[in-house]
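For reference, target_12.cif is printed below; it contains mmCIF, C-alpha atoms and all ligand atoms.
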```cif
data_input
#
loop_
_atom_site.group_PDB
_atom_site.id
_atom_site.type_symbol
_atom_site.label_atom_id
_atom_site.label_comp_id
_atom_site.auth_asym_id
_atom_site.auth_seq_id
_atom_site.Cartn_x
_atom_site.Cartn_y
_atom_site.Cartn_z
ATOM 1 C CA MET A 283 36.853 19.950 -7.833
ATOM 2 C CA ASN A 284 35.167 16.716 -8.771
ATOM 3 C CA SER A 285 31.850 17.127 -10.509
ATOM 4 C CA HIS A 286 29.284 15.270 -12.567
ATOM 5 C CA ASP A 287 30.222 14.993 -16.236
ATOM 6 C CA SER A 288 27.713 15.667 -19.005
ATOM 7 C CA THR A 289 26.363 12.124 -18.935
ATOM 8 C CA GLY A 290 25.516 12.465 -15.244
ATOM 9 C CA THR A 291 28.151 10.018 -14.091
ATOM 10 C CA THR A 292 30.680 11.142 -11.558
ATOM 11 C CA GLN A 293 34.454 10.955 -11.653
ATOM 12 C CA SER A 294 35.055 10.109 -8.072
ATOM 13 C CA PRO A 295 37.925 8.861 -5.906
ATOM 14 C CA LEU A 296 35.286 7.430 -3.552
ATOM 15 C CA PRO A 297 34.419 3.724 -3.820
ATOM 16 C CA THR A 298 30.847 3.180 -5.028
ATOM 17 C CA PHE A 299 28.318 0.349 -4.963
ATOM 18 C CA ARG A 300 25.445 -0.122 -7.393
ATOM 19 C CA LEU A 301 22.157 -1.987 -6.948
ATOM 20 C CA VAL A 302 20.034 -3.162 -9.897
ATOM 21 C CA ALA A 303 16.739 -4.852 -9.037
ATOM 22 C CA PRO A 304 15.180 -7.432 -11.374
ATOM 23 C CA SER A 305 12.382 -4.865 -11.914
ATOM 24 C CA GLY A 306 14.955 -2.459 -13.371
ATOM 25 C CA SER A 307 14.934 -0.109 -10.381
ATOM 26 C CA THR A 308 18.507 1.061 -9.662
ATOM 27 C CA ALA A 309 20.355 2.743 -6.815
ATOM 28 C CA GLY A 310 23.916 3.966 -6.374
ATOM 29 C CA LEU A 311 25.829 4.703 -3.184
ATOM 30 C CA TYR A 312 29.243 5.683 -1.916
ATOM 31 C CA LEU A 313 30.762 3.386 0.699
ATOM 32 C CA GLN A 314 31.771 6.531 2.542
ATOM 33 C CA GLY A 315 28.885 7.094 4.912
ATOM 34 C CA ALA A 316 26.874 4.260 3.272
ATOM 35 C CA HIS A 317 25.715 7.264 1.333
ATOM 36 C CA LEU A 318 22.910 6.677 -1.142
ATOM 37 C CA ALA A 319 23.316 9.116 -4.025
ATOM 38 C CA SER A 320 20.781 7.897 -6.572
ATOM 39 C CA TRP A 321 17.516 5.990 -6.742
ATOM 40 C CA VAL A 322 15.690 5.572 -10.063
ATOM 41 C CA PRO A 323 12.487 3.496 -9.812
ATOM 42 C CA ALA A 324 11.800 1.155 -12.729
ATOM 43 C CA GLY A 325 10.265 3.238 -15.522
ATOM 44 C CA GLY A 326 10.681 6.399 -13.466
ATOM 45 C CA SER A 327 13.191 9.239 -13.044
ATOM 46 C CA GLU A 328 15.770 10.162 -10.386
ATOM 47 C CA VAL A 329 14.218 10.704 -6.967
ATOM 48 C CA LEU A 330 17.266 11.895 -5.012
ATOM 49 C CA PHE A 331 19.016 15.248 -5.451
ATOM 50 C CA MET A 332 22.784 15.442 -5.784
ATOM 51 C CA SER A 333 24.493 18.811 -6.107
ATOM 52 C CA ARG A 334 26.544 19.234 -9.246
ATOM 53 C CA GLU A 335 29.098 20.950 -7.017
ATOM 54 C CA THR A 336 29.386 18.244 -4.378
ATOM 55 C CA ARG A 337 32.838 17.377 -3.133
ATOM 56 C CA LEU A 338 33.702 13.675 -3.541
ATOM 57 C CA GLN A 339 36.787 13.537 -1.355
ATOM 58 C CA PRO A 340 37.506 11.064 1.452
ATOM 59 C CA GLY A 341 36.366 12.518 4.762
ATOM 60 C CA THR A 342 34.371 15.378 3.197
ATOM 61 C CA PRO A 343 30.539 15.385 3.478
ATOM 62 C CA ILE A 344 28.710 14.641 0.217
ATOM 63 C CA ARG A 345 26.062 17.230 -0.749
ATOM 64 C CA GLY A 346 22.895 15.373 -1.622
ATOM 65 C CA GLY A 347 21.481 11.854 -1.579
ATOM 66 C CA ILE A 348 20.822 10.399 1.902
ATOM 67 C CA PRO A 349 23.526 11.338 4.440
ATOM 68 C CA VAL A 350 23.320 9.000 7.465
ATOM 69 C CA ILE A 351 23.437 11.329 10.449
ATOM 70 C CA PHE A 352 24.859 9.663 13.599
ATOM 71 C CA PRO A 353 25.501 10.081 16.556
ATOM 72 C CA GLN A 354 24.827 13.849 16.571
ATOM 73 C CA PHE A 355 22.391 16.063 14.634
ATOM 74 C CA ASN A 356 23.747 19.362 13.286
ATOM 75 C CA VAL A 357 25.711 21.215 16.000
ATOM 76 C CA ARG A 358 23.659 19.805 18.893
ATOM 77 C CA GLY A 359 26.799 18.539 20.648
ATOM 78 C CA PRO A 360 30.634 18.583 20.568
ATOM 79 C CA LEU A 361 31.135 16.421 17.464
ATOM 80 C CA PRO A 362 31.704 17.610 13.882
ATOM 81 C CA GLN A 363 28.442 18.898 12.353
ATOM 82 C CA HIS A 364 26.011 15.999 11.864
ATOM 83 C CA GLY A 365 28.391 13.544 13.537
ATOM 84 C CA PHE A 366 31.032 11.290 11.986
ATOM 85 C CA ALA A 367 29.063 8.394 10.396
ATOM 86 C CA ARG A 368 28.533 10.230 7.098
ATOM 87 C CA THR A 369 32.259 10.695 6.447
ATOM 88 C CA MET A 370 33.550 7.319 7.666
ATOM 89 C CA PRO A 371 34.113 4.324 5.353
ATOM 90 C CA TRP A 372 31.382 1.679 5.907
ATOM 91 C CA ARG A 373 31.982 -1.954 4.953
ATOM 92 C CA VAL A 374 29.719 -4.111 2.786
ATOM 93 C CA GLU A 375 28.588 -7.106 4.858
ATOM 94 C CA GLN A 376 26.238 -8.726 2.343
ATOM 95 C CA SER A 377 24.362 -7.996 -0.872
ATOM 96 C CA GLY A 378 22.001 -9.832 -3.196
ATOM 97 C CA THR A 379 18.333 -10.163 -4.060
ATOM 98 C CA THR A 380 15.554 -10.794 -1.535
ATOM 99 C CA GLN A 381 12.815 -13.414 -1.917
ATOM 100 C CA ALA A 382 10.497 -10.545 -2.864
ATOM 101 C CA GLY A 383 12.811 -9.570 -5.754
ATOM 102 C CA ALA A 384 14.423 -6.495 -4.236
ATOM 103 C CA ALA A 385 18.150 -5.827 -4.648
ATOM 104 C CA PHE A 386 19.763 -5.214 -1.267
ATOM 105 C CA VAL A 387 23.028 -4.294 0.346
ATOM 106 C CA HIS A 388 23.855 -4.446 4.064
ATOM 107 C CA LEU A 389 26.590 -2.117 5.318
ATOM 108 C CA ALA A 390 28.191 -1.734 8.746
ATOM 109 C CA LEU A 391 30.260 0.723 10.767
ATOM 110 C CA THR A 392 31.862 -0.037 14.114
ATOM 111 C CA ASP A 393 33.695 2.194 16.524
ATOM 112 C CA THR A 394 37.361 2.870 15.850
ATOM 113 C CA GLU A 395 40.148 4.577 17.754
ATOM 114 C CA GLU A 396 39.235 7.722 15.786
ATOM 115 C CA THR A 397 35.549 7.601 16.728
ATOM 116 C CA ARG A 398 36.261 6.693 20.342
ATOM 117 C CA ALA A 399 38.539 9.720 20.613
ATOM 118 C CA MET A 400 35.526 11.890 19.659
ATOM 119 C CA TRP A 401 32.722 9.795 21.195
ATOM 120 C CA PRO A 402 33.903 7.287 23.839
ATOM 121 C CA HIS A 403 31.457 4.477 23.097
ATOM 122 C CA ALA A 404 31.531 1.052 21.422
ATOM 123 C CA PHE A 405 28.784 0.579 18.847
ATOM 124 C CA LEU A 406 27.740 -1.350 15.770
ATOM 125 C CA ALA A 407 25.788 0.652 13.202
ATOM 126 C CA GLU A 408 24.204 -1.207 10.296
ATOM 127 C CA PHE A 409 22.461 0.229 7.259
ATOM 128 C CA LEU A 410 20.243 -1.950 5.109
ATOM 129 C CA ILE A 411 19.204 -0.646 1.673
ATOM 130 C CA GLU A 412 16.527 -2.451 -0.341
ATOM 131 C CA VAL A 413 15.547 -1.400 -3.863
ATOM 132 C CA GLY A 414 12.362 -2.871 -5.290
ATOM 133 C CA ALA A 415 9.065 -1.135 -5.996
ATOM 134 C CA GLY A 416 10.282 1.462 -3.482
ATOM 135 C CA LEU A 417 13.475 2.385 -1.646
ATOM 136 C CA THR A 418 13.587 1.015 1.882
ATOM 137 C CA THR A 419 16.371 1.920 4.290
ATOM 138 C CA ALA A 420 16.827 0.678 7.845
ATOM 139 C CA LEU A 421 19.403 1.998 10.304
ATOM 140 C CA ARG A 422 20.153 -0.219 13.299
ATOM 141 C CA VAL A 423 22.411 0.862 16.154
ATOM 142 C CA ARG A 424 23.592 -1.530 18.853
ATOM 143 C CA ASN A 425 25.441 -0.644 22.040
ATOM 144 C CA THR A 426 28.332 -3.125 22.054
ATOM 145 C CA GLY A 427 30.043 -1.511 25.023
ATOM 146 C CA ASP A 428 29.631 -1.771 28.784
ATOM 147 C CA SER A 429 28.133 1.661 29.465
ATOM 148 C CA PRO A 430 24.928 3.332 28.233
ATOM 149 C CA PHE A 431 24.996 5.986 25.519
ATOM 150 C CA SER A 432 22.503 8.348 23.876
ATOM 151 C CA PHE A 433 22.548 9.452 20.257
ATOM 152 C CA ALA A 434 20.628 11.554 17.779
ATOM 153 C CA THR A 435 20.178 10.377 14.215
ATOM 154 C CA ALA A 436 18.519 11.259 10.907
ATOM 155 C CA LEU A 437 18.305 10.038 7.326
ATOM 156 C CA HIS A 438 19.008 13.464 5.841
ATOM 157 C CA THR A 439 17.230 12.800 2.560
ATOM 158 C CA TYR A 440 17.641 15.271 -0.333
ATOM 159 C CA PHE A 441 14.719 14.891 -2.739
ATOM 160 C CA ARG A 442 14.917 16.123 -6.328
ATOM 161 C CA VAL A 443 11.939 18.357 -7.155
ATOM 162 C CA GLY A 444 10.952 20.195 -10.335
ATOM 163 C CA ASP A 445 10.318 23.584 -8.677
ATOM 164 C CA VAL A 446 10.409 23.835 -4.883
ATOM 165 C CA ARG A 447 8.101 26.871 -5.022
ATOM 166 C CA GLN A 448 5.266 24.594 -6.198
ATOM 167 C CA VAL A 449 5.947 21.804 -3.701
ATOM 168 C CA GLN A 450 4.146 21.093 -0.448
ATOM 169 C CA VAL A 451 4.826 18.625 2.336
ATOM 170 C CA GLU A 452 1.758 17.023 3.882
ATOM 171 C CA GLY A 453 1.544 14.915 7.035
ATOM 172 C CA LEU A 454 3.165 17.254 9.543
ATOM 173 C CA GLU A 455 -0.146 18.826 10.500
ATOM 174 C CA GLY A 456 -0.689 18.156 14.208
ATOM 175 C CA SER A 457 3.038 18.008 14.976
ATOM 176 C CA SER A 458 5.061 20.684 16.808
ATOM 177 C CA PHE A 459 7.618 22.845 14.991
ATOM 178 C CA LEU A 460 10.767 23.447 17.057
ATOM 179 C CA GLY A 461 12.846 25.493 14.628
ATOM 180 C CA VAL A 462 16.581 24.960 14.532
ATOM 181 C CA GLU A 463 17.554 25.875 18.102
ATOM 182 C CA PRO A 464 17.512 22.916 20.527
ATOM 183 C CA ASP A 465 15.386 24.851 23.000
ATOM 184 C CA GLY A 466 13.021 26.315 20.408
ATOM 185 C CA GLU A 467 9.485 27.091 21.606
ATOM 186 C CA PRO A 468 7.180 24.434 20.064
ATOM 187 C CA GLN A 469 4.612 25.872 17.623
ATOM 188 C CA PRO A 470 1.619 23.805 16.499
ATOM 189 C CA VAL A 471 1.615 22.872 12.798
ATOM 190 C CA THR A 472 -1.852 23.266 11.273
ATOM 191 C CA ALA A 473 -1.242 23.261 7.513
ATOM 192 C CA PRO A 474 0.978 21.596 4.851
ATOM 193 C CA ILE A 475 4.502 23.019 4.597
ATOM 194 C CA ARG A 476 5.279 25.243 1.627
ATOM 195 C CA VAL A 477 8.709 26.716 0.789
ATOM 196 C CA VAL A 478 8.661 30.479 0.239
ATOM 197 C CA GLY A 479 12.090 31.258 1.707
ATOM 198 C CA GLU A 480 14.841 29.659 3.813
ATOM 199 C CA THR A 481 13.091 26.719 5.468
ATOM 200 C CA ASN A 482 14.675 24.864 8.356
ATOM 201 C CA GLY A 483 13.567 23.154 11.514
ATOM 202 C CA VAL A 484 12.697 20.084 13.500
ATOM 203 C CA TYR A 485 9.145 18.784 13.785
ATOM 204 C CA THR A 486 8.346 16.563 16.750
ATOM 205 C CA ASP A 487 5.451 14.221 17.566
ATOM 206 C CA THR A 488 5.039 13.605 13.856
ATOM 207 C CA GLY A 489 2.924 10.991 12.128
ATOM 208 C CA ASP A 490 4.695 8.195 10.272
ATOM 209 C CA ARG A 491 3.522 9.080 6.741
ATOM 210 C CA LEU A 492 4.718 12.247 5.012
ATOM 211 C CA MET A 493 3.944 13.203 1.425
ATOM 212 C CA LEU A 494 5.953 15.496 -0.803
ATOM 213 C CA ARG A 495 3.643 16.746 -3.560
ATOM 214 C CA ASP A 496 5.571 17.895 -6.614
ATOM 215 C CA PRO A 497 3.216 19.112 -9.359
ATOM 216 C CA SER A 498 6.083 20.249 -11.594
ATOM 217 C CA LEU A 499 7.280 16.629 -11.875
ATOM 218 C CA ASP A 500 3.704 15.342 -11.644
ATOM 219 C CA ARG A 501 4.564 13.075 -8.734
ATOM 220 C CA THR A 502 4.073 12.522 -5.055
ATOM 221 C CA ILE A 503 6.907 11.080 -2.991
ATOM 222 C CA VAL A 504 5.480 9.088 -0.084
ATOM 223 C CA ILE A 505 7.720 8.694 2.968
ATOM 224 C CA ASP A 506 6.747 6.014 5.486
ATOM 225 C CA LYS A 507 8.941 6.121 8.579
ATOM 226 C CA HIS A 508 8.980 3.878 11.628
ATOM 227 C CA ASP A 509 10.645 4.569 14.993
ATOM 228 C CA PHE A 510 11.738 7.995 13.822
ATOM 229 C CA ALA A 511 9.747 10.400 16.029
ATOM 230 C CA ASP A 512 10.844 13.602 14.320
ATOM 231 C CA ALA A 513 11.164 15.097 10.865
ATOM 232 C CA VAL A 514 13.203 17.947 9.416
ATOM 233 C CA VAL A 515 12.308 20.045 6.371
ATOM 234 C CA TRP A 516 15.179 22.078 4.912
ATOM 235 C CA ASN A 517 15.704 24.312 1.930
ATOM 236 C CA PRO A 518 18.611 26.810 2.049
ATOM 237 C CA TRP A 519 16.915 29.262 -0.362
ATOM 238 C CA ILE A 520 18.875 31.994 -2.137
ATOM 239 C CA GLU A 521 21.341 33.439 0.378
ATOM 240 C CA ARG A 522 22.383 30.152 2.024
ATOM 241 C CA ALA A 523 22.673 28.522 -1.399
ATOM 242 C CA ARG A 524 25.160 31.220 -2.388
ATOM 243 C CA ASP A 525 27.116 30.638 0.840
ATOM 244 C CA MET A 526 27.598 26.900 0.235
ATOM 245 C CA PRO A 527 30.650 26.191 -1.995
ATOM 246 C CA ASP A 528 29.464 22.616 -2.653
ATOM 247 C CA PHE A 529 25.991 23.688 -3.836
ATOM 248 C CA GLY A 530 25.024 25.557 -7.005
ATOM 249 C CA ASP A 531 23.487 28.986 -6.500
ATOM 250 C CA ASP A 532 20.320 27.942 -8.358
ATOM 251 C CA GLU A 533 20.044 24.448 -6.911
ATOM 252 C CA TYR A 534 17.747 25.483 -4.070
ATOM 253 C CA LEU A 535 14.970 25.487 -6.690
ATOM 254 C CA THR A 536 15.268 21.754 -7.444
ATOM 255 C CA MET A 537 15.760 20.180 -4.019
ATOM 256 C CA LEU A 538 14.029 19.776 -0.695
ATOM 257 C CA CYS A 539 15.286 17.844 2.309
ATOM 258 C CA VAL A 540 12.625 15.910 4.194
ATOM 259 C CA GLU A 541 14.408 13.957 6.905
ATOM 260 C CA SER A 542 13.299 11.179 9.258
ATOM 261 C CA GLY A 543 15.083 11.464 12.585
ATOM 262 C CA ASN A 544 15.253 11.152 16.342
ATOM 263 C CA ILE A 545 16.545 14.573 17.288
ATOM 264 C CA ALA A 546 14.465 16.281 19.998
ATOM 265 C CA LYS A 547 14.719 13.278 22.318
ATOM 266 C CA PRO A 548 17.973 11.373 21.693
ATOM 267 C CA THR A 549 17.760 7.582 21.842
ATOM 268 C CA ARG A 550 19.384 5.925 24.895
ATOM 269 C CA LEU A 551 20.795 2.414 24.654
ATOM 270 C CA ALA A 552 21.943 0.336 27.612
ATOM 271 C CA PRO A 553 24.795 -2.125 26.983
ATOM 272 C CA GLY A 554 23.607 -4.803 24.552
ATOM 273 C CA GLU A 555 20.443 -2.883 23.552
ATOM 274 C CA GLN A 556 19.710 -1.912 19.947
ATOM 275 C CA TRP A 557 17.378 0.444 18.082
ATOM 276 C CA THR A 558 16.193 0.255 14.473
ATOM 277 C CA GLY A 559 14.562 3.015 12.440
ATOM 278 C CA THR A 560 13.190 2.485 8.944
ATOM 279 C CA GLN A 561 12.225 4.813 6.090
ATOM 280 C CA SER A 562 10.422 3.573 2.975
ATOM 281 C CA ILE A 563 10.024 5.840 -0.033
ATOM 282 C CA THR A 564 7.628 5.248 -2.918
ATOM 283 C CA VAL A 565 6.669 7.463 -5.839
ATOM 284 C CA THR A 566 3.158 7.833 -7.204
ATOM 285 C CA THR A 567 1.679 10.135 -9.803
ATOM 286 C CA LEU A 568 0.311 13.295 -8.261
HETATM 287 O O1 LIG B 601 18.928 19.214 8.356
HETATM 288 C C1 LIG B 601 19.029 20.590 8.069
HETATM 289 C C2 LIG B 601 20.416 21.071 8.482
HETATM 290 O O2 LIG B 601 20.645 20.811 9.851
HETATM 291 C C3 LIG B 601 20.536 22.568 8.136
HETATM 292 O O3 LIG B 601 20.597 23.365 9.295
HETATM 293 C C4 LIG B 601 21.824 22.627 7.303
HETATM 294 O O4 LIG B 601 22.940 22.821 8.136
HETATM 295 C C5 LIG B 601 21.807 21.236 6.657
HETATM 296 O O5 LIG B 601 21.427 20.366 7.731
HETATM 297 C C6 LIG B 601 23.079 20.822 5.949
HETATM 298 O O6 LIG B 601 24.103 20.567 6.876
HETATM 299 P P1 LIG B 601 25.565 20.169 6.269
HETATM 300 O O7 LIG B 601 26.421 19.923 7.464
HETATM 301 O O8 LIG B 601 25.378 18.946 5.426
HETATM 302 O O9 LIG B 601 25.969 21.354 5.426
#
```

Go ahead and render the structure in this file as structure tokens.
Amino acid sequence: MNSHDSTGTTQSPLPTFRLVAPSGSTAGLYLQGAHLASWVPAGGSEVLFMSRETRLQPGTPIRGGIPVIFPQFNVRGPLPQHGFARTMPWRVEQSGTTQAGAAFVHLALTDTEETRAMWPHAFLAEFLIEVGAGLTTALRVRNTGDSPFSFATALHTYFRVGDVRQVQVEGLEGSSFLGVEPDGEPQPVTAPIRVVGETNGVYTDTGDRLMLRDPSLDRTIVIDKHDFADAVVWNPWIERARDMPDFGDDEYLTMLCVESGNIAKPTRLAPGEQWTGTQSITVTTL
């Protein structure tokens, strides 16, 4: 099984791409799934969580970083769990530095015979990653076919935390918690989210700014999303962690997924229409 070596680099058969901004902020990704695996702000420390047990094999989901979930969320449909975009090879269309001094890479995925056999639609998916003072990601989906389609999507972001038991997620107050089941009964959210056990579920009608307070790392991760109506908060806790072969038994303590998505109400695109969702992450002291 491939794993991180002692210096934190990864022996991997998967092609990678690295971004280094003039400010010194760096990011690393696998071309499979346009999968961001690391973001280190200039003068800061790693923001994303990657499991030391992750598989790094073609076609196998990577445990950690920012899986791009498309066109299906979890098992809400007939496709493989979380859809196929995260295990397909994306191509680099362009990379460089923006006028504002951010390093960027633009990746794309189009339908193939393989995807059409699972999901009979023509599409162009593009993922833009910009690394500067923060980490900005934009997912754009265009219907390039001649019939409408609907899709669910999420940026399934794994954040590295010092101790998940001390963390809280603010900004979901006022939203509705749907749980994991598609037809879950909405429950009003009236307080910040804390993790005291297995935590999983979709929040709808959310605001666009979420904050992950992490006192053990003395930082707040600010998530600004746009055109993502929903959010997911997930921690497997003890039992689920033990059940996942690509996740260390103790790793539930140092990660929390806070995901921007459109899940409860899938997005419908007529032929030629496109949708774009963005997520910007910045880190401040607590
Ligand atoms: O987003 C949370 C979730 O849907 C959980 O239910 C759990 O299944 C997690 O995603 C990880 O899914 P994966 O297919 O990557 O193991």

*Using only C-alpha atoms, which residue out of A:Asp393, A:Asp490, A:Glu408, A:Glu335 lies closest to Gly456 of chain A?*
A:Asp490

Could the centre and edge lengths of an axis-aligned box, enclosing all atoms of ligand LIG 601 (chain B) in the file with 5 Å extra on each side, be given in Å to one decimal as AutoDock Vina command-line options?
```
--center_x 22.7 --center_y 21.2 --center_z 7.6 --size_x 17.5 --size_y 14.4 --size_z 14.4
```

Please identify every residue of chain A that has at least one atom no farther than 8 Å from an atom of ligand LIG 601 (chain B), counting only C-alpha atoms and all ligand atoms, and for each give the shortest atom pair and the distance in Å to one decimal, arranged by chain then increasing number, as CSV.
```
residue,atom,partner,partner_atom,distance
A:Pro343,CA,B:LIG601,O8,6.6
A:Ile344,CA,B:LIG601,O8,7.5
A:Arg345,CA,B:LIG601,O8,6.4
A:Pro349,CA,B:LIG601,O8,7.9
A:Phe355,CA,B:LIG601,O2,7.0
A:Asn356,CA,B:LIG601,O2,4.8
A:Val357,CA,B:LIG601,O2,8.0
A:Gln363,CA,B:LIG601,O7,5.4
A:His364,CA,B:LIG601,O7,5.9
A:His438,CA,B:LIG601,O1,6.3
A:Val462,CA,B:LIG601,O3,6.8
A:Asn482,CA,B:LIG601,C1,6.1
A:Gly483,CA,B:LIG601,C1,6.9
A:Val514,CA,B:LIG601,O1,6.0
A:Val515,CA,B:LIG601,C1,7.0
A:Trp516,CA,B:LIG601,C1,5.2
A:Asn517,CA,B:LIG601,C1,7.9
A:Pro518,CA,B:LIG601,C4,7.4
A:Met526,CA,B:LIG601,O9,7.8
A:Cys539,CA,B:LIG601,O1,7.2
A:Glu541,CA,B:LIG601,O1,7.1
```

List every residue of segment 463-562 of chain A that has an atom at most 6 Å from any atom of segment 416-432 of chain A, giving for each one its closest atom pair and the distance in Å to one decimal, counting all atoms listed in the file, sorted by chain and then by ascending residue number, as a tab-separated table.
```
residue	atom	partner	partner_atom	distance
A:Pro548	CA	A:Ser432	CA	5.9
A:Thr549	CA	A:Ser432	CA	5.2
A:Arg550	CA	A:Ser432	CA	4.1
A:Leu551	CA	A:Pro430	CA	5.5
A:Ala552	CA	A:Pro430	CA	4.3
A:Pro553	CA	A:Asp428	CA	5.2
A:Gly554	CA	A:Asn425	CA	5.2
A:Glu555	CA	A:Asn425	CA	5.7
A:Gln556	CA	A:Arg424	CA	4.1
A:Trp557	CA	A:Val423	CA	5.4
A:Thr558	CA	A:Arg422	CA	4.2
A:Gly559	CA	A:Leu421	CA	5.4
A:Thr560	CA	A:Ala420	CA	4.2
A:Gln561	CA	A:Thr419	CA	5.4
A:Ser562	CA	A:Thr418	CA	4.2
```

*Matched chain/residue IDs from the PyMOL selection byres (((chain A and resi 542) around 7) and not hetatm), as an NGL selection string*: :A and (436-437 or 507 or 510 or 512-514 or 540-541 or 543)

*Taking the file as shown, find all residues satisfying the PyMOL selection byres (((chain A and resi 538) around 10) and not hetatm) and write them as a ChimeraX atom specification.*
/A:330-331,346,439-443,445-446,449-451,477,481,494,515-519,533-537,539-541

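Pairwise distance (atom CA of Tyr485 of chain A, atom CA of Arg501 of chain A) equals 23.7 Å.
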
*Target residues per the PyMOL selection byres (((chain A and resi 295-306) around 10) and not hetatm), formatted as a ChimeraX atom specification*: /A:284,292-294,307-314,316-326,338-341,371,374,377-380,383-387,411-415

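Counting all atoms listed in the file, the residue from A:Thr566, A:Thr369, A:Gln354, A:Ser327 that sits nearest to Thr342 of chain A is A:Thr369.
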